[in-house]
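Here the structure is laid out as structure tokens; the discussion comes afterwards.
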Amino acid sequence: MKVKIHVTLKQGILDPQGKAIEHALDSLGFKNTANMRVGKYMEVDVNEPDRAKADAQVKAMCEKLLANTVIEDYRYELQ
Amino acid sequence: MKIGVVVFPGSNCDHDCQYIFQDVLGQKVEMVWHKETLRPGLDAILLPGGFSYGDYLRTGAIARFSPVMTAVKAFANKGGLVMGICNGFQILLEAGLLPGVMLRNTSLNFICKDVFVKVENAATRFTNHCESGQVLKIPIAHADGNYYTDPVTLGGIKANAQVVFRYCTAEGKVTPEANPNGSLDNIAGIMNAEGNVLGMMPHPERCAETVLGNEAGRLIFLSMLETLHKPQLTVV
Amino acid sequence: MNASVITKAVLEQHKLSEEEYKKILEILGREPNWTELGMFSAMWSEHCSYKSSRIHLKKLPTTGPRVVQGPGENAGVVDIGDGLCAVFKMESHNHPSFIEPYQGAATGVGGILRDIFTMGARPIALLNSLRFGGLDNANTRHLLKGVVSGIAGYGNCMGVPTVGGEIVFNDIYALNPLVNVFCLGIAKRDKIFLGKAAGVGNPVIYFGSKTGRDGIHGATMASDSFDEEAAQKRPTVQVGDPFTEKLLLEACLELMSGDCLVGIQDMGAAGLTSSACEMASREGTGVELDLAQVPRREPGMTPYEVMLSESQERMLMVATAGREDEVIKICRKWDLDVAVIGRVTDTGKVVLTENGQVVAEVPAKALADEGPRYDRPSAPPAYQDMLQALNYDALPDVKDANAALLALLDSPTIASKRWVYEQYDHMVRTNTMVRPGSDAAVLRVKGTNKALALSVDCNARYCLLNPYEGAKIAIAECARNLACSGAEPIGVTDCLNFGNPQRPEVMWQFLLAIEGLKDACEAMNVPIVSGNVSFYNETNDLSIYPTPMIGMVGLIEPADRAVTQWFKQNGDAIILLGNTREDLGGTEYLKVLHHREQGSPPLLNLDTEKAVQACTIHLIREGLVQSAHDCSDGGLAVALAECCISGSGERLGAMVQLSLDGLRRDALLFGESQSRILLSVKPHQEERVLSLAKEAAVPAAKIGTVGGNRLVVQVAGDQRIAGCTVDQELTALHEQWARAIPRALGQD
């Protein structure tokens, strides 16, 4: 099944990239933007018919590799 | 001659470029803050290396919108000499002054080392002090130097002799092993069709003095100065 | 605040002893409130107060004719002539790098850079000293990759070259890696800025990034040992923003080029608390700050959080009253947050208000200078005798010298670090004359005829076996690295990494190391001008080896006399300065070939060391030396191999003849006797070099000739014993040495 994973910085953790992009948007005239946060989006096929098992596996993948849980949160959708 | 060196927030080779032109080659240099415009009287513009806007989003992606870039484009469109080194090259690509894009190095790492490049076209305003096919040892220092463009554009720039430098071995062989970053066709530097805008990933300003043990980069700056002194000699 | 709130548990959380709390009550004459307690906790932490080390650090020599600023400021300052100064310091970021290697290392680099440019210097070089576990451990590989890319990510973006360093791999660091970063900047002699809140009524200005909840209590975390609960401390991780730091650097230097700046300090450990109270305390003034003016990244932050946040890339400055607008304009030019947050007062107190209410009021000196001081008990560890006892008779001598040499070149500690330094921009600012990979990095000083040589070093195994001798050797070897490039040492910074100071054996190691540093610095006539102590480097009750890291700066004049370690020309004579003795204790050879870390470290005679170094520097300045290389890890055989294969150009072999003179073969080839330098000189200058050495009473002998594509080391009188000869093609040696780290990382 197809899995869509979003990895984002935890709330309160500084996002230098988001800050710089937000500033650039502002200087381009998009004055009403705020709180830009940059994350990662991933798609992967997981060959596991059992939904519960797939869920557990994707969670483990996120914990172990896809997200740096020290500073990042993750969420995912199984389709 | 008076060279304008543009300072973007995060530029970090701006002083090195200034030093080469001013202290080593005895020219006038004007540092141009990115929020300003170009003052009249500049003979050439240099976009230096560094991490403009921290390389955030994409290299050069935010810097291309800096106010000064409007003036730089106008300067280039009027035939003025514009050179972008490393991040400066990346900005020229994002700004559309040169064709193509930069991808991440295939190793995914930042790479700082000496490489060899072959002068593919010595009849340019930036290489007239070089021999055709000459091999120059010049350092690179980048994480995104993997040049890419679509096949049609590539065919065009090759046919038009716009490929100025290609990565090669010490002997001048253009091989995959000599390619440090996965760059398409081993491209290390290209110019625009008109021949007045050059972008290159290697850093000639880091190898233009005896005290640093390598003067290869000097040839490029001397070529530019020659072009500016004797515009009638320029080709293209 | 209700008195009952400050319970034992609360004190425990704040790492304050009951005795220390009593002292706080005395100072204030009342109970502290929550914010004040937090401020004391951070400032009286080991990390900020040096409470276990301060009384001992006083023994170190810190003065000299070149010293402009010794320890106690953001960095040390040494005069290099021409109206210029070298400003340098080394700092640790060990614990944060273990928790999050990329950000930990990156913010370590950011912190030391701020220490340097706060003084008015433009940073021109970074070096680092790293310690990791063995590369067979997956987590170590993860830590190495993360730390290296963190250092690269920050330093490269800042445009400050990382020009050198050293890395040692040993299992003892597996759960407590060391990340020590050294930075050097150049400032004008008459434009040095200090962290002083001078001039009553002057504005206190905050600039840089906004304040978030990052790293609250980082300072107390750095003063804490690790255990399984460390994971829970993770939310304190700070994220570095090198782009903002670059803007901060340029803004600071622009501000400093004018005359509106009075004092400045970066907000490092303990954030706004430390910068405010230290600036006031140094000047004997006070400050009054309105916390509502502090730029914030997150809503709802309490005074406690604002004062203890360790958000990166922030500065505190005192400017001349009436010049606020100039300061604000320059900060805005560089897109930085800036706010006048208070005034300098004459009360001697740090007074914090928020919306008109006083939320904290503490004497500045009490926080910054009057913290506890401990003379902690010390005693040698029970295992010390066992460590030093080594029965050489039970050790078989080397049978296959080729195999032993190849094994040593494959040891990641000795192997080429190219995989690491190629990720660092080591050339930006175009000063790098000698790039990473030689004994010392060499940078020209623009506008002068001078160059600076930089080296960082420490053999912690020697320090474990004998902390006094080990510390002495760290100084001697660092100076020797500089001498090999032709530089005279002019200043030292140290970063003293030790275990838990509440353990007597750790304190014993620390005290002996201080004595060693003192004696060696006095003998070498080089002052320690800045430094850092990192205690509590232990995990699950296991302390690291005592690791007093040394960073040393040397001066070369004229600049073009600098030499490198690799052979230059076929036919050159190879000359060994210094004597080889039976020094096998604590060697890399014993560890790699015999799996022992035992014995007494090599004996160091400081007089001999001085003579050898002075002679080398003299020979180099006379233009008589083609290459010079220090014999260290792996001994003479490894040093010879490095002379053959470590250059970036054509590799040159060597034919060498040695004689045993009663030594064991392994001691001759791989022993680590101190005070030895390998020179190569042009054939027609061989006699002159030998006679100059003789005049200087330095032992010197021609041991071979440069040439060919093999390294051959024959041992006279021993040819019939199979395997005692080193005879290897350079390509094989190079392959082994150059690919060792990528191989260990599975990237070959």
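Scheme for the structure tokens: letters A, B, ... for chains in order shown; per-chain residue numbers from 1; ligand numbers from 1 in order shown.
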
Distance query Glu298 in chain C at most 12 Å, only C-alpha atoms, self and fewer than 6 positions along chain excluded, as a PDB file with N, CA, C and O atoms, in the first residue's frame:
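The result, written out as around-v1.pdb:
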```pdb
ATOM      1  N   GLN A  11       7.057  21.636  17.426  1.00  0.00           N
ATOM      2  CA  GLN A  11       6.666  22.987  17.805  1.00  0.00           C
ATOM      3  C   GLN A  11       7.706  23.571  18.763  1.00  0.00           C
ATOM      4  O   GLN A  11       8.210  22.863  19.628  1.00  0.00           O
ATOM      5  N   GLY A  12       8.052  24.806  18.569  1.00  0.00           N
ATOM      6  CA  GLY A  12       8.995  25.450  19.481  1.00  0.00           C
ATOM      7  C   GLY A  12      10.435  25.297  19.053  1.00  0.00           C
ATOM      8  O   GLY A  12      11.297  26.026  19.508  1.00  0.00           O
ATOM      9  N   ILE A  13      10.700  24.328  18.162  1.00  0.00           N
ATOM     10  CA  ILE A  13      12.073  24.181  17.662  1.00  0.00           C
ATOM     11  C   ILE A  13      12.277  25.211  16.551  1.00  0.00           C
ATOM     12  O   ILE A  13      11.435  25.370  15.675  1.00  0.00           O
ATOM     13  N   LEU A  14      13.383  25.911  16.619  1.00  0.00           N
ATOM     14  CA  LEU A  14      13.676  26.952  15.630  1.00  0.00           C
ATOM     15  C   LEU A  14      13.765  26.345  14.230  1.00  0.00           C
ATOM     16  O   LEU A  14      14.356  25.297  14.037  1.00  0.00           O
ATOM     17  N   ASN A  35       4.616  32.449  10.459  1.00  0.00           N
ATOM     18  CA  ASN A  35       4.826  31.089  10.948  1.00  0.00           C
ATOM     19  C   ASN A  35       5.115  30.074   9.852  1.00  0.00           C
ATOM     20  O   ASN A  35       4.583  28.968   9.855  1.00  0.00           O
TER      21      ASN A  35
ATOM     22  N   LYS C 210      15.500  35.757  17.742  1.00  0.00           N
ATOM     23  CA  LYS C 210      14.519  35.870  18.819  1.00  0.00           C
ATOM     24  C   LYS C 210      14.766  34.784  19.863  1.00  0.00           C
ATOM     25  O   LYS C 210      15.426  33.784  19.598  1.00  0.00           O
ATOM     26  N   THR C 211      14.182  34.988  21.025  1.00  0.00           N
ATOM     27  CA  THR C 211      14.328  34.027  22.114  1.00  0.00           C
ATOM     28  C   THR C 211      13.183  33.011  22.088  1.00  0.00           C
ATOM     29  O   THR C 211      12.018  33.392  22.061  1.00  0.00           O
ATOM     30  N   GLY C 212      13.562  31.741  22.078  1.00  0.00           N
ATOM     31  CA  GLY C 212      12.561  30.674  22.157  1.00  0.00           C
ATOM     32  C   GLY C 212      12.834  29.816  23.375  1.00  0.00           C
ATOM     33  O   GLY C 212      13.639  30.193  24.227  1.00  0.00           O
ATOM     34  N   ARG C 213      12.192  28.673  23.433  1.00  0.00           N
ATOM     35  CA  ARG C 213      12.388  27.844  24.631  1.00  0.00           C
ATOM     36  C   ARG C 213      13.566  26.868  24.470  1.00  0.00           C
ATOM     37  O   ARG C 213      13.678  25.913  25.236  1.00  0.00           O
ATOM     38  N   ASP C 214      14.422  27.130  23.483  1.00  0.00           N
ATOM     39  CA  ASP C 214      15.518  26.194  23.233  1.00  0.00           C
ATOM     40  C   ASP C 214      16.471  26.084  24.412  1.00  0.00           C
ATOM     41  O   ASP C 214      16.866  27.088  24.981  1.00  0.00           O
ATOM     42  N   GLU C 305      11.895  31.332  31.752  1.00  0.00           N
ATOM     43  CA  GLU C 305      12.264  30.807  30.437  1.00  0.00           C
ATOM     44  C   GLU C 305      13.063  31.822  29.620  1.00  0.00           C
ATOM     45  O   GLU C 305      14.028  31.469  28.948  1.00  0.00           O
ATOM     46  N   VAL C 306      12.669  33.069  29.696  1.00  0.00           N
ATOM     47  CA  VAL C 306      13.384  34.109  28.936  1.00  0.00           C
ATOM     48  C   VAL C 306      14.822  34.216  29.431  1.00  0.00           C
ATOM     49  O   VAL C 306      15.767  34.315  28.649  1.00  0.00           O
ATOM     50  N   SER C 309      16.740  30.700  28.552  1.00  0.00           N
ATOM     51  CA  SER C 309      16.755  30.176  27.190  1.00  0.00           C
ATOM     52  C   SER C 309      18.173  30.210  26.630  1.00  0.00           C
ATOM     53  O   SER C 309      18.928  31.152  26.889  1.00  0.00           O
ATOM     54  N   SER C 311      18.617  29.904  23.273  1.00  0.00           N
ATOM     55  CA  SER C 311      18.452  30.120  21.840  1.00  0.00           C
ATOM     56  C   SER C 311      19.764  30.660  21.300  1.00  0.00           C
ATOM     57  O   SER C 311      20.430  31.462  21.959  1.00  0.00           O
TER      58      SER C 311
END
```

Could you pull out the helix (DSSP H, G or I) residues of chain A from DSSP and send them as a PDB file with N, CA and C atoms, in the first residue's frame?
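The result, stored in states11.pdb:
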```pdb
ATOM      1  N   PRO A  16      15.268  27.627  10.988  1.00  0.00           N
ATOM      2  CA  PRO A  16      16.004  28.703  10.321  1.00  0.00           C
ATOM      3  C   PRO A  16      15.555  28.876   8.870  1.00  0.00           C
ATOM      4  N   GLN A  17      15.294  27.750   8.197  1.00  0.00           N
ATOM      5  CA  GLN A  17      14.905  27.818   6.796  1.00  0.00           C
ATOM      6  C   GLN A  17      13.547  28.507   6.641  1.00  0.00           C
ATOM      7  N   GLY A  18      12.608  28.093   7.500  1.00  0.00           N
ATOM      8  CA  GLY A  18      11.291  28.709   7.450  1.00  0.00           C
ATOM      9  C   GLY A  18      11.357  30.206   7.682  1.00  0.00           C
ATOM     10  N   LYS A  19      12.231  30.580   8.629  1.00  0.00           N
ATOM     11  CA  LYS A  19      12.392  31.989   8.975  1.00  0.00           C
ATOM     12  C   LYS A  19      12.897  32.786   7.765  1.00  0.00           C
ATOM     13  N   ALA A  20      13.892  32.241   7.062  1.00  0.00           N
ATOM     14  CA  ALA A  20      14.467  32.952   5.911  1.00  0.00           C
ATOM     15  C   ALA A  20      13.459  33.041   4.766  1.00  0.00           C
ATOM     16  N   ILE A  21      12.700  31.964   4.565  1.00  0.00           N
ATOM     17  CA  ILE A  21      11.720  31.971   3.469  1.00  0.00           C
ATOM     18  C   ILE A  21      10.594  32.963   3.775  1.00  0.00           C
ATOM     19  N   GLU A  22      10.171  32.956   5.029  1.00  0.00           N
ATOM     20  CA  GLU A  22       9.119  33.883   5.431  1.00  0.00           C
ATOM     21  C   GLU A  22       9.557  35.323   5.188  1.00  0.00           C
ATOM     22  N   HIS A  23      10.798  35.586   5.508  1.00  0.00           N
ATOM     23  CA  HIS A  23      11.339  36.923   5.306  1.00  0.00           C
ATOM     24  C   HIS A  23      11.366  37.266   3.819  1.00  0.00           C
ATOM     25  N   ALA A  24      11.732  36.291   2.986  1.00  0.00           N
ATOM     26  CA  ALA A  24      11.782  36.523   1.537  1.00  0.00           C
ATOM     27  C   ALA A  24      10.382  36.783   0.999  1.00  0.00           C
ATOM     28  N   LEU A  25       9.399  36.036   1.475  1.00  0.00           N
ATOM     29  CA  LEU A  25       8.013  36.252   1.040  1.00  0.00           C
ATOM     30  C   LEU A  25       7.581  37.680   1.377  1.00  0.00           C
ATOM     31  N   ASP A  26       7.951  38.076   2.580  1.00  0.00           N
ATOM     32  CA  ASP A  26       7.599  39.412   3.031  1.00  0.00           C
ATOM     33  C   ASP A  26       8.203  40.472   2.106  1.00  0.00           C
ATOM     34  N   SER A  27       9.478  40.287   1.735  1.00  0.00           N
ATOM     35  CA  SER A  27      10.094  41.324   0.905  1.00  0.00           C
ATOM     36  C   SER A  27       9.587  41.258  -0.532  1.00  0.00           C
ATOM     37  N   ARG A  51      -3.106  -4.281   7.531  1.00  0.00           N
ATOM     38  CA  ARG A  51      -3.066  -2.853   7.796  1.00  0.00           C
ATOM     39  C   ARG A  51      -2.410  -2.519   9.145  1.00  0.00           C
ATOM     40  N   ALA A  52      -2.730  -3.320  10.146  1.00  0.00           N
ATOM     41  CA  ALA A  52      -2.179  -3.067  11.481  1.00  0.00           C
ATOM     42  C   ALA A  52      -0.660  -3.254  11.474  1.00  0.00           C
ATOM     43  N   LYS A  53      -0.244  -4.312  10.768  1.00  0.00           N
ATOM     44  CA  LYS A  53       1.200  -4.563  10.704  1.00  0.00           C
ATOM     45  C   LYS A  53       1.898  -3.439   9.940  1.00  0.00           C
ATOM     46  N   ALA A  54       1.268  -3.018   8.855  1.00  0.00           N
ATOM     47  CA  ALA A  54       1.852  -1.939   8.057  1.00  0.00           C
ATOM     48  C   ALA A  54       1.976  -0.684   8.909  1.00  0.00           C
ATOM     49  N   ASP A  55       0.936  -0.412   9.663  1.00  0.00           N
ATOM     50  CA  ASP A  55       0.928   0.771  10.520  1.00  0.00           C
ATOM     51  C   ASP A  55       2.092   0.723  11.505  1.00  0.00           C
ATOM     52  N   ALA A  56       2.250  -0.449  12.131  1.00  0.00           N
ATOM     53  CA  ALA A  56       3.333  -0.589  13.108  1.00  0.00           C
ATOM     54  C   ALA A  56       4.686  -0.423  12.422  1.00  0.00           C
ATOM     55  N   GLN A  57       4.765  -0.969  11.221  1.00  0.00           N
ATOM     56  CA  GLN A  57       6.042  -0.900  10.516  1.00  0.00           C
ATOM     57  C   GLN A  57       6.388   0.552  10.147  1.00  0.00           C
ATOM     58  N   VAL A  58       5.405   1.267   9.630  1.00  0.00           N
ATOM     59  CA  VAL A  58       5.666   2.647   9.213  1.00  0.00           C
ATOM     60  C   VAL A  58       6.050   3.493  10.422  1.00  0.00           C
ATOM     61  N   LYS A  59       5.369   3.230  11.540  1.00  0.00           N
ATOM     62  CA  LYS A  59       5.707   3.943  12.763  1.00  0.00           C
ATOM     63  C   LYS A  59       7.175   3.681  13.136  1.00  0.00           C
ATOM     64  N   ALA A  60       7.566   2.421  13.041  1.00  0.00           N
ATOM     65  CA  ALA A  60       8.954   2.076  13.366  1.00  0.00           C
ATOM     66  C   ALA A  60       9.915   2.746  12.398  1.00  0.00           C
ATOM     67  N   MET A  61       9.532   2.792  11.114  1.00  0.00           N
ATOM     68  CA  MET A  61      10.387   3.437  10.119  1.00  0.00           C
ATOM     69  C   MET A  61      10.594   4.918  10.458  1.00  0.00           C
ATOM     70  N   CYS A  62       9.496   5.543  10.863  1.00  0.00           N
ATOM     71  CA  CYS A  62       9.581   6.963  11.224  1.00  0.00           C
ATOM     72  C   CYS A  62      10.469   7.159  12.440  1.00  0.00           C
ATOM     73  N   GLU A  63      10.236   6.335  13.450  1.00  0.00           N
ATOM     74  CA  GLU A  63      10.993   6.474  14.698  1.00  0.00           C
ATOM     75  C   GLU A  63      12.482   6.251  14.482  1.00  0.00           C
ATOM     76  N   LYS A  64      12.763   5.227  13.648  1.00  0.00           N
ATOM     77  CA  LYS A  64      14.170   4.827  13.520  1.00  0.00           C
ATOM     78  C   LYS A  64      14.939   5.701  12.553  1.00  0.00           C
ATOM     79  N   LEU A  65      14.284   6.073  11.456  1.00  0.00           N
ATOM     80  CA  LEU A  65      15.068   6.716  10.399  1.00  0.00           C
ATOM     81  C   LEU A  65      14.460   7.999   9.853  1.00  0.00           C
ATOM     82  N   LEU A  66      13.172   7.919   9.495  1.00  0.00           N
ATOM     83  CA  LEU A  66      12.628   8.997   8.665  1.00  0.00           C
ATOM     84  C   LEU A  66      12.528  10.316   9.417  1.00  0.00           C
TER      85      LEU A  66
END
```

With 6 Å as the cut-off and only C-alpha atoms counted, what is the closest atom pair between each nearby residue of chain C and chain B? Distances in Å to one decimal, ordered by chain and number, as a Markdown table.
```
| residue | atom | partner | partner_atom | distance |
| --- | --- | --- | --- | --- |
| C:Cys157 | CA | B:Phe51 | CA | 5.5 |
| C:Gly159 | CA | B:Asn12 | CA | 5.0 |
| C:Phe243 | CA | B:Gly54 | CA | 4.7 |
| C:Glu422 | CA | B:Cys112 | CA | 4.9 |
| C:Gln423 | CA | B:Phe110 | CA | 4.9 |
| C:Asp425 | CA | B:Cys112 | CA | 5.4 |
| C:Arg429 | CA | B:Asp16 | CA | 5.6 |
| C:Thr430 | CA | B:Arg206 | CA | 5.5 |
| C:Met433 | CA | B:Leu212 | CA | 5.2 |
```

Which is closer to chain A than all the others in B:Val68, B:Ala159, B:Ile62, B:Leu38, using only C-alpha atoms?
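Closest candidate: B:Ile62.
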
Worksheet item: Which value, in Å to one decimal, gives the distance between CA of Trp508 in chain C and CA of Leu465 in chain C?
Response: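 Going from CA of Trp508 in chain C over to CA of Leu465 in chain C covers 12.3 Å.
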
Neighbouring residues of Glu72 in chain A were defined as those with any atom within 6 Å, considering only C-alpha atoms; residues of the same chain fewer than 6 positions away were excluded. Please report them as an NGL selection string. :A and (8-10)

From CA of Pro303 in chain C to CA of Asp115 in chain C the spacing works out at 25.3 Å

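Separating CA of Pro527 in chain C from CA of Val181 in chain C is a distance of 19.4 Å.
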
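Residue nearest chain A, chosen from C:Leu57, C:Cys183, C:Arg297, C:Ala174 and counting only C-alpha atoms: C:Arg297.
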
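If you measure from each of C:Glu310, C:Asp457, C:Glu642, C:Glu609 to Gly164 in chain C using only C-alpha atoms, the closest one turns out to be C:Asp457.
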
- Task: Write out as number ranges by chain the residues lying within 7 Å of Ile490 in chain C, counting only C-alpha atoms and excluding same-chain residues fewer than 2 positions away.
- Result: C: 488, 526, 553-555

What would the file look like if the residues just selected were written as a PDB file, in the first residue's frame with N, CA, C and O atoms?
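Below is the file result_20.pdb, written as the result:
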```
ATOM      1  N   GLU C 488      56.951  29.363  15.864  1.00  0.00           N
ATOM      2  CA  GLU C 488      57.243  29.471  17.278  1.00  0.00           C
ATOM      3  C   GLU C 488      55.936  29.625  18.037  1.00  0.00           C
ATOM      4  O   GLU C 488      55.113  30.473  17.674  1.00  0.00           O
ATOM      5  N   VAL C 526      55.221  29.377  26.998  1.00  0.00           N
ATOM      6  CA  VAL C 526      54.030  29.744  26.238  1.00  0.00           C
ATOM      7  C   VAL C 526      52.838  29.835  27.201  1.00  0.00           C
ATOM      8  O   VAL C 526      52.618  28.927  28.000  1.00  0.00           O
ATOM      9  N   VAL C 553      48.841  28.134  19.091  1.00  0.00           N
ATOM     10  CA  VAL C 553      49.025  29.051  17.967  1.00  0.00           C
ATOM     11  C   VAL C 553      50.498  29.405  17.867  1.00  0.00           C
ATOM     12  O   VAL C 553      51.137  29.690  18.880  1.00  0.00           O
ATOM     13  N   GLY C 554      51.030  29.352  16.662  1.00  0.00           N
ATOM     14  CA  GLY C 554      52.436  29.693  16.446  1.00  0.00           C
ATOM     15  C   GLY C 554      52.581  30.730  15.354  1.00  0.00           C
ATOM     16  O   GLY C 554      51.680  30.919  14.528  1.00  0.00           O
ATOM     17  N   LEU C 555      53.725  31.393  15.381  1.00  0.00           N
ATOM     18  CA  LEU C 555      53.962  32.482  14.437  1.00  0.00           C
ATOM     19  C   LEU C 555      55.122  32.111  13.512  1.00  0.00           C
ATOM     20  O   LEU C 555      56.153  31.624  13.966  1.00  0.00           O
TER      21      LEU C 555
END
```
